file final09.cif (mmCIF, C-alpha atoms)
data_input
loop_
_atom_site.label_atom_id
_atom_site.label_comp_id
_atom_site.auth_asym_id
_atom_site.auth_seq_id
_atom_site.Cartn_x
_atom_site.Cartn_y
_atom_site.Cartn_z
CA MET A 341 0.00 0.00 0.00
CA ILE A 342 1.37 3.40 -0.99
CA ILE A 343 1.09 5.86 1.91
CA LYS A 344 0.46 9.42 0.77
CA LYS A 345 1.68 12.30 2.93
CA THR A 346 -0.02 15.56 3.84
CA PRO A 347 1.66 18.88 3.02
CA GLU A 348 2.58 19.23 6.70
CA GLN A 349 4.16 15.78 6.75
CA ILE A 350 6.14 16.58 3.62
CA GLU A 351 7.50 19.67 5.37
CA HIS A 352 8.72 17.43 8.19
CA MET A 353 10.48 15.26 5.62
CA ALA A 354 11.98 18.36 4.02
CA ALA A 355 13.42 19.33 7.42
CA ALA A 356 15.07 15.91 7.66
CA GLY A 357 16.28 16.42 4.11
CA ALA A 358 17.89 19.73 5.02
CA VAL A 359 19.97 18.03 7.73
CA LEU A 360 20.89 15.30 5.24
CA VAL A 361 22.08 17.76 2.59
CA LYS A 362 24.23 19.57 5.15
CA THR A 363 25.71 16.21 6.11
CA LEU A 364 26.55 15.36 2.50
CA ASN A 365 28.12 18.78 2.02
CA LEU A 366 30.24 18.25 5.14
CA LEU A 367 31.39 14.87 3.83
CA ALA A 368 32.17 16.36 0.43
CA SER A 369 34.62 18.72 2.15
CA LYS A 370 36.35 15.77 3.85
CA ILE A 371 36.63 13.33 0.92
CA ARG A 372 40.27 13.28 -0.18
CA PRO A 373 43.14 10.79 -0.49
CA GLY A 374 44.21 9.32 2.86
CA VAL A 375 40.85 9.69 4.63
CA THR A 376 39.21 6.46 5.78
CA THR A 377 35.55 5.66 5.31
CA GLY A 378 35.35 5.10 9.06
CA GLU A 379 36.43 8.70 9.63
CA LEU A 380 33.67 9.88 7.29
CA ASP A 381 31.15 7.77 9.17
CA ALA A 382 32.15 9.23 12.54
CA ALA A 383 31.93 12.78 11.19
CA ALA A 384 28.50 12.13 9.70
CA GLU A 385 27.07 10.62 12.87
CA LYS A 386 28.37 13.44 15.06
CA PHE A 387 26.97 16.06 12.69
CA ILE A 388 23.55 14.42 12.33
CA ARG A 389 23.10 14.01 16.08
CA SER A 390 24.22 17.61 16.69
CA HIS A 391 21.14 18.68 14.73
CA GLY A 392 18.76 16.70 16.93
CA ALA A 393 18.39 13.96 14.31
CA GLU A 394 19.44 10.33 14.09
CA PRO A 395 21.32 8.42 11.38
CA ALA A 396 18.64 6.24 9.81
CA PHE A 397 21.01 3.44 8.84
CA LYS A 398 22.61 2.89 12.27
CA GLY A 399 21.33 -0.48 13.44
CA TYR A 400 18.85 -0.81 10.57
CA ARG A 401 18.50 -4.57 10.07
CA GLY A 402 21.80 -4.82 11.94
CA PHE A 403 23.80 -2.42 9.76
CA PRO A 404 26.73 -1.16 11.87
CA GLY A 405 27.44 2.18 10.19
CA SER A 406 25.74 5.56 10.20
CA ILE A 407 26.25 5.96 6.44
CA CYS A 408 27.03 3.63 3.55
CA THR A 409 30.39 4.15 1.83
CA SER A 410 30.89 2.18 -1.38
CA PRO A 411 34.13 2.66 -3.36
CA ASN A 412 34.79 1.87 -7.01
CA SER A 413 33.12 -1.43 -8.02
CA MET A 414 30.97 -1.53 -4.88
CA VAL A 415 27.48 -0.44 -5.83
CA VAL A 416 25.81 0.06 -2.43
CA HIS A 417 25.72 -0.89 1.27
CA GLY A 418 29.42 -0.51 2.00
CA ILE A 419 30.22 -0.65 5.73
CA PRO A 420 32.50 2.23 6.75
CA GLY A 421 35.81 1.17 8.25
CA PRO A 422 39.55 1.15 7.59
CA TYR A 423 39.36 1.56 3.82
CA LYS A 424 41.62 4.52 2.97
CA LEU A 425 40.65 6.62 -0.02
CA SER A 426 43.16 6.89 -2.85
CA ARG A 427 43.55 9.40 -5.65
CA GLY A 428 41.42 8.24 -8.59
CA ASP A 429 38.82 6.39 -6.49
CA ILE A 430 35.14 7.12 -6.76
CA LEU A 431 33.10 6.83 -3.56
CA SER A 432 29.33 6.45 -3.32
CA VAL A 433 28.00 7.88 -0.06
CA ASP A 434 24.43 7.05 1.00
CA VAL A 435 22.96 8.93 3.96
CA GLY A 436 19.66 8.52 5.80
CA VAL A 437 18.38 10.95 8.43
CA VAL A 438 15.47 10.60 10.86
CA LEU A 439 14.12 13.84 12.32
CA ASP A 440 10.96 13.91 14.45
CA GLY A 441 10.07 10.44 13.18
CA TRP A 442 10.36 11.27 9.46
CA VAL A 443 13.03 9.87 7.16
CA ALA A 444 15.01 11.39 4.29
CA ASP A 445 17.40 9.37 2.11
CA ALA A 446 19.91 10.52 -0.50
CA ALA A 447 23.19 9.47 -2.11
CA ARG A 448 25.99 10.93 -4.20
CA THR A 449 29.08 9.48 -5.81
CA PHE A 450 32.19 11.59 -5.36
CA PRO A 451 35.48 11.60 -7.27
CA VAL A 452 38.55 11.39 -5.04
CA GLY A 453 40.86 13.82 -6.77
CA PRO A 454 41.18 13.51 -10.56
CA VAL A 455 39.54 10.35 -11.88
CA SER A 456 39.58 8.46 -15.16
CA PRO A 457 37.54 9.62 -18.16
CA ILE A 458 35.20 6.64 -17.85
CA ALA A 459 34.63 7.41 -14.16
CA ASN A 460 33.76 11.01 -15.02
CA ARG A 461 31.34 9.84 -17.71
CA LEU A 462 29.75 7.34 -15.32
CA LEU A 463 29.16 9.98 -12.65
CA ARG A 464 27.67 12.44 -15.14
CA ALA A 465 25.42 9.79 -16.64
CA THR A 466 24.11 8.61 -13.29
CA GLU A 467 23.43 12.19 -12.11
CA GLY A 468 21.71 12.91 -15.41
CA ALA A 469 19.54 9.82 -15.11
CA LEU A 470 18.42 10.93 -11.66
CA LEU A 471 17.49 14.40 -12.90
CA ASP A 472 15.56 12.95 -15.85
CA ALA A 473 13.70 10.64 -13.47
CA VAL A 474 12.79 13.49 -11.13
CA GLU A 475 11.15 15.35 -14.02
CA GLN A 476 8.74 12.41 -14.37
CA CYS A 477 7.67 12.47 -10.70
CA ARG A 478 4.46 14.40 -11.27
CA PRO A 479 0.76 13.65 -10.77
CA GLY A 480 -0.84 11.73 -13.61
CA ASN A 481 2.30 9.92 -14.70
CA ARG A 482 2.83 6.24 -14.08
CA LEU A 483 5.80 4.94 -12.13
CA GLY A 484 7.00 3.37 -15.36
CA GLU A 485 7.83 6.85 -16.67
CA VAL A 486 10.26 7.33 -13.77
CA SER A 487 11.90 3.94 -14.29
CA HIS A 488 12.11 4.35 -18.05
CA ALA A 489 13.72 7.78 -17.74
CA VAL A 490 16.61 6.27 -15.77
CA GLN A 491 17.08 3.36 -18.15
CA ALA A 492 16.92 5.49 -21.29
CA HIS A 493 19.50 8.00 -20.06
CA VAL A 494 21.92 5.39 -18.72
CA GLU A 495 21.80 3.10 -21.73
CA ALA A 496 22.16 6.01 -24.15
CA GLU A 497 25.49 6.71 -22.43
CA GLY A 498 26.60 3.09 -22.88
CA PHE A 499 26.25 2.04 -19.24
CA SER A 500 24.02 -0.47 -17.42
CA VAL A 501 21.36 -0.08 -14.73
CA VAL A 502 21.47 -2.59 -11.90
CA ARG A 503 18.19 -4.46 -12.22
CA SER A 504 18.19 -6.36 -8.94
CA LEU A 505 18.21 -3.21 -6.76
CA VAL A 506 15.39 -0.68 -6.59
CA GLY A 507 14.34 2.67 -5.19
CA HIS A 508 11.38 2.85 -2.84
CA GLY A 509 8.68 4.84 -1.16
CA ILE A 510 9.71 6.60 2.05
CA GLY A 511 8.07 8.33 5.00
CA ARG A 512 7.99 7.29 8.63
CA ASP A 513 9.69 4.09 7.50
CA MET A 514 12.87 3.89 5.48
CA HIS A 515 11.36 1.51 2.94
CA GLU A 516 7.71 1.83 1.93
CA ASP A 517 5.77 0.93 -1.19
CA PRO A 518 6.19 1.26 -4.09
CA GLN A 519 9.39 -0.35 -5.28
CA ILE A 520 11.00 1.75 -8.01
CA PRO A 521 13.05 -0.21 -10.58
CA ASN A 522 15.59 1.68 -12.68
CA PHE A 523 14.23 0.14 -15.87
CA GLY A 524 10.77 -0.24 -17.31
CA GLU A 525 8.20 0.87 -19.84
CA PRO A 526 6.25 4.14 -19.87
CA GLY A 527 2.57 3.88 -19.02
CA ARG A 528 2.98 1.01 -16.58
CA GLY A 529 2.96 0.76 -12.81
CA PRO A 530 1.09 2.72 -10.14
CA LEU A 531 -0.39 6.10 -10.97
CA LEU A 532 1.59 8.90 -9.33
CA GLU A 533 -0.56 11.08 -7.08
CA GLU A 534 -0.03 14.19 -5.01
CA GLY A 535 1.41 13.29 -1.60
CA MET A 536 3.51 10.32 -2.69
CA VAL A 537 7.14 10.54 -1.59
CA LEU A 538 9.74 8.49 -3.45
CA ALA A 539 13.40 7.66 -2.97
CA VAL A 540 14.56 7.64 -6.59
CA GLU A 541 18.04 6.13 -6.90
CA PRO A 542 19.79 5.14 -10.11
CA MET A 543 22.47 2.51 -9.46
CA VAL A 544 24.66 2.16 -12.51
CA THR A 545 27.70 0.17 -13.62
CA ALA A 546 30.22 0.88 -16.33
CA GLY A 547 30.01 -2.78 -17.39
CA ARG A 548 27.25 -5.37 -17.18
CA ASN A 549 24.26 -5.12 -14.87
CA ALA A 550 24.89 -8.28 -12.81
CA VAL A 551 25.96 -7.85 -9.17
CA ARG A 552 27.31 -10.06 -6.39
CA MET A 553 27.11 -10.01 -2.60
CA GLY A 554 30.28 -9.34 -0.62
CA ASP A 555 31.63 -11.59 2.09
CA ASP A 556 30.18 -9.36 4.83
CA HIS A 557 26.67 -10.00 3.41
CA TRP A 558 26.09 -6.25 3.09
CA ALA A 559 28.23 -4.81 0.32
CA ILE A 560 27.03 -5.36 -3.24
CA PHE A 561 29.58 -5.23 -6.06
CA SER A 562 29.38 -5.21 -9.83
CA GLN A 563 29.95 -8.82 -10.79
CA ASP A 564 32.42 -7.96 -13.53
CA GLY A 565 34.42 -5.58 -11.33
CA SER A 566 33.43 -2.49 -13.32
CA LEU A 567 33.03 0.89 -11.66
CA ALA A 568 29.64 1.70 -10.12
CA ALA A 569 27.84 4.91 -9.22
CA HIS A 570 24.80 5.72 -7.07
CA PHE A 571 22.81 8.94 -6.91
CA GLU A 572 19.56 9.39 -4.98
CA PHE A 573 17.00 12.02 -4.07
CA THR A 574 13.96 11.95 -1.82
CA VAL A 575 11.22 13.40 -4.04
CA ALA A 576 7.67 14.50 -3.17
CA VAL A 577 4.98 14.39 -5.86
CA GLU A 578 3.12 17.69 -5.60
CA THR A 579 0.45 19.45 -7.64
CA GLY A 580 2.98 21.53 -9.55
CA GLY A 581 5.30 18.58 -10.21
CA ALA A 582 8.26 17.11 -8.36
CA ARG A 583 9.77 18.65 -5.25
CA VAL A 584 13.22 17.40 -4.30
CA LEU A 585 13.43 17.24 -0.50
CA THR A 586 17.20 16.56 -0.51
CA PRO A 587 18.47 19.08 -3.09
CA TRP A 588 22.09 19.90 -3.81
CA HIS A 589 23.73 21.70 -6.68
CA VAL A 590 24.49 19.69 -9.80
CA ASP A 591 26.52 21.26 -12.62
CA GLY A 592 25.97 24.69 -11.10
CA LYS A 593 22.19 24.34 -11.03
CA ARG A 594 19.88 23.58 -8.14
CA ALA A 595 18.72 20.01 -8.64
CA ALA A 596 14.96 20.23 -8.76
CA ALA A 597 12.37 19.60 -11.41
#
call {"tool": "encode", "arguments": {"input": "final09.cif", "output": "structure tokens"}}
result
Amino acid sequence: MIIKKTPEQIEHMAAAGAVLVKTLNLLASKIRPGVTTGELDAAAEKFIRSHGAEPAFKGYRGFPGSICTSPNSMVVHGIPGPYKLSRGDILSVDVGVVLDGWVADAARTFPVGPVSPIANRLLRATEGALLDAVEQCRPGNRLGEVSHAVQAHVEAEGFSVVRSLVGHGIGRDMHEDPQIPNFGEPGRGPLLEEGMVLAVEPMVTAGRNAVRMGDDHWAIFSQDGSLAAHFEFTVAVETGGARVLTPWHVDGKRAAA
């Protein structure tokens, strides 16, 4: 069942989103060669709690970190720890924040210093797919429009969407209905209505779309070892279109539909 939110409830989620964006911006300032993912995790948790919020991932289904940090071929769910960033890495950082019982969820993939041309292309393509998908998050569309927008953008750039991982509804719970695949056909799926809030999250590899589970039973890697990127917004469907509740600046523009 898809739980629609009132305008007041969406404002609560936007407040959680504001803390989340500040957290991501803080982490962006700290991501550089020599920093460990554990150090990023500690900084994020301290910052989130200092704003009267809680890290949504801490303890969720047993997850030990406050954020997910996934370098290079790791797609998602990386446990922060001793991994030390190196020049040329890319690092996907996924953050969840709970404020006054409402959850916001967003992710970005960061270059660590100068990166390879294919890494740059992968990051741009995944960001672009997210922005295209957000434009489809408006009343009267079907969820298939959102999914198709991701797939079309990614595949036009020569990359692959991970088909076994999905976005999701979000609200008081981290994961609500509906599931949001990153591939699909327009005109299919649930009708989008005002008050729906969606975590839209393209997960993309530079190679094939198959993935594998890591030994810790959390981290998910591209099966062929190719680079992976992950970008995510929490998006409210409103009368005038999509409202991004976790906005940052992309290519000099505010990321909102």
call {"tool": "resolve_selection", "arguments": {"input": "final09.cif", "expression": "the PyMOL selection byres ((chain A and resi 343-352) around 12)", "output": "compact mmCIF listing (two decimals) with C-alpha atoms, in the coordinates of the input"}}
result
# COMPACT_ATOMS: atom_id res chain seq x y z
CA MET A 341 0.00 0.00 0.00
CA ILE A 342 1.37 3.40 -0.99
CA MET A 353 10.48 15.26 5.62
CA ALA A 354 11.98 18.36 4.02
CA ALA A 355 13.42 19.33 7.42
CA ALA A 356 15.07 15.91 7.66
CA GLY A 357 16.28 16.42 4.11
CA ALA A 358 17.89 19.73 5.02
CA VAL A 359 19.97 18.03 7.73
CA ALA A 393 18.39 13.96 14.31
CA VAL A 437 18.38 10.95 8.43
CA VAL A 438 15.47 10.60 10.86
CA LEU A 439 14.12 13.84 12.32
CA ASP A 440 10.96 13.91 14.45
CA GLY A 441 10.07 10.44 13.18
CA TRP A 442 10.36 11.27 9.46
CA VAL A 443 13.03 9.87 7.16
CA ALA A 444 15.01 11.39 4.29
CA HIS A 508 11.38 2.85 -2.84
CA GLY A 509 8.68 4.84 -1.16
CA ILE A 510 9.71 6.60 2.05
CA GLY A 511 8.07 8.33 5.00
CA ARG A 512 7.99 7.29 8.63
CA ASP A 513 9.69 4.09 7.50
CA HIS A 515 11.36 1.51 2.94
CA GLU A 516 7.71 1.83 1.93
CA ASP A 517 5.77 0.93 -1.19
CA PRO A 518 6.19 1.26 -4.09
CA LEU A 532 1.59 8.90 -9.33
CA GLU A 533 -0.56 11.08 -7.08
CA GLU A 534 -0.03 14.19 -5.01
CA GLY A 535 1.41 13.29 -1.60
CA MET A 536 3.51 10.32 -2.69
CA VAL A 537 7.14 10.54 -1.59
CA LEU A 538 9.74 8.49 -3.45
CA THR A 574 13.96 11.95 -1.82
CA VAL A 575 11.22 13.40 -4.04
CA ALA A 576 7.67 14.50 -3.17
CA VAL A 577 4.98 14.39 -5.86
CA GLU A 578 3.12 17.69 -5.60
CA THR A 579 0.45 19.45 -7.64
CA ARG A 583 9.77 18.65 -5.25
CA VAL A 584 13.22 17.40 -4.30
CA LEU A 585 13.43 17.24 -0.50
CA THR A 586 17.20 16.56 -0.51
call {"tool": "resolve_selection", "arguments": {"input": "final09.cif", "expression": "the PyMOL selection byres ((chain A and resi 381) around 10)", "output": "list in words"}}
result
Leu367, Thr376, Thr377, Gly378, Glu379, Leu380, Ala382, Ala383, Ala384, Glu385, Lys386, Phe387, Gly405, Ser406, Ile407, Cys408, Thr409, Ile419, Pro420, Gly421, Val433 and Val435 of chain A
call {"tool": "resolve_selection", "arguments": {"input": "final09.cif", "expression": "the PyMOL selection byres ((chain A and resi 552) around 9)", "output": "PyMOL selection string"}}
result
chain A and resi 550-551+553-554+559-563
call {"tool": "atom_distance", "arguments": {"input": "final09.cif", "atom1": "CA of Val415 (chain A)", "atom2": "CA of Arg548 (chain A)"}}
result
12.4 Å
call {"tool": "residues_around", "arguments": {"input": "final09.cif", "residues": "Asn412 (chain A)", "least_positions_apart": "5", "cutoff": "10 Å", "atoms": "all atoms listed in the file", "output": "PyMOL selection string"}}
result
chain A and resi 428-432+449+451+459+545+561-562+565-569
call {"tool": "write_last_selection", "arguments": {"input": "final09.cif", "atoms": "C-alpha atoms", "output": "PDB file, in the coordinates of the input"}}
result
ATOM      1  CA  GLY A 428      41.420   8.240  -8.590  1.00  0.00           C
ATOM      2  CA  ASP A 429      38.820   6.390  -6.490  1.00  0.00           C
ATOM      3  CA  ILE A 430      35.140   7.120  -6.760  1.00  0.00           C
ATOM      4  CA  LEU A 431      33.100   6.830  -3.560  1.00  0.00           C
ATOM      5  CA  SER A 432      29.330   6.450  -3.320  1.00  0.00           C
ATOM      6  CA  THR A 449      29.080   9.480  -5.810  1.00  0.00           C
ATOM      7  CA  PRO A 451      35.480  11.600  -7.270  1.00  0.00           C
ATOM      8  CA  ALA A 459      34.630   7.410 -14.160  1.00  0.00           C
ATOM      9  CA  THR A 545      27.700   0.170 -13.620  1.00  0.00           C
ATOM     10  CA  PHE A 561      29.580  -5.230  -6.060  1.00  0.00           C
ATOM     11  CA  SER A 562      29.380  -5.210  -9.830  1.00  0.00           C
ATOM     12  CA  GLY A 565      34.420  -5.580 -11.330  1.00  0.00           C
ATOM     13  CA  SER A 566      33.430  -2.490 -13.320  1.00  0.00           C
ATOM     14  CA  LEU A 567      33.030   0.890 -11.660  1.00  0.00           C
ATOM     15  CA  ALA A 568      29.640   1.700 -10.120  1.00  0.00           C
ATOM     16  CA  ALA A 569      27.840   4.910  -9.220  1.00  0.00           C
TER      17      ALA A 569
END
call {"tool": "closest_residue", "arguments": {"input": "final09.cif", "among": "A:Val375, A:Ala446, A:Met514, A:Leu425", "to": "Arg401 (chain A)", "atoms": "only C-alpha atoms"}}
result
A:Met514
call {"tool": "atom_distance", "arguments": {"input": "final09.cif", "atom1": "CA of Cys477 (chain A)", "atom2": "CA of Asn460 (chain A)"}}
result
26.5 Å
call {"tool": "residues_around", "arguments": {"input": "final09.cif", "residues": "region 485-498 of chain A", "least_positions_apart": "2", "cutoff": "7 Å", "atoms": "all atoms listed in the file", "output": "list in words"}}
result
Ala465, Thr466, Ala469, Leu470, Asp472, Ala473, Gln476, Cys477, Asn481, Arg482, Leu483, Ser500, Val501, Ile520, Pro521, Asn522, Phe523, Gly524, Glu525, Pro526, Gly527 and Pro542 of chain A
call {"tool": "closest_residue", "arguments": {"input": "final09.cif", "among": "A:Gly480, A:Ser369, A:Arg427, A:Val452", "to": "Ala582 (chain A)", "atoms": "only C-alpha atoms"}}
result
A:Gly480
call {"tool": "atom_distance", "arguments": {"input": "final09.cif", "atom1": "CA of Asp564 (chain A)", "atom2": "CA of Phe499 (chain A)"}}
result
13.1 Å
call {"tool": "closest_residue", "arguments": {"input": "final09.cif", "among": "A:Gly436, A:Met543, A:Ser456, A:Gly529", "to": "Lys398 (chain A)", "atoms": "all atoms listed in the file"}}
result
A:Gly436
call {"tool": "closest_residue", "arguments": {"input": "final09.cif", "among": "A:Tyr423, A:Phe403, A:Phe571, A:Phe450", "to": "Val544 (chain A)", "atoms": "only C-alpha atoms"}}
result
A:Phe571
call {"tool": "closest_residue", "arguments": {"input": "final09.cif", "among": "A:Ser426, A:Arg503, A:Ala546, A:Val474", "to": "Phe573 (chain A)", "atoms": "all atoms listed in the file"}}
result
A:Val474
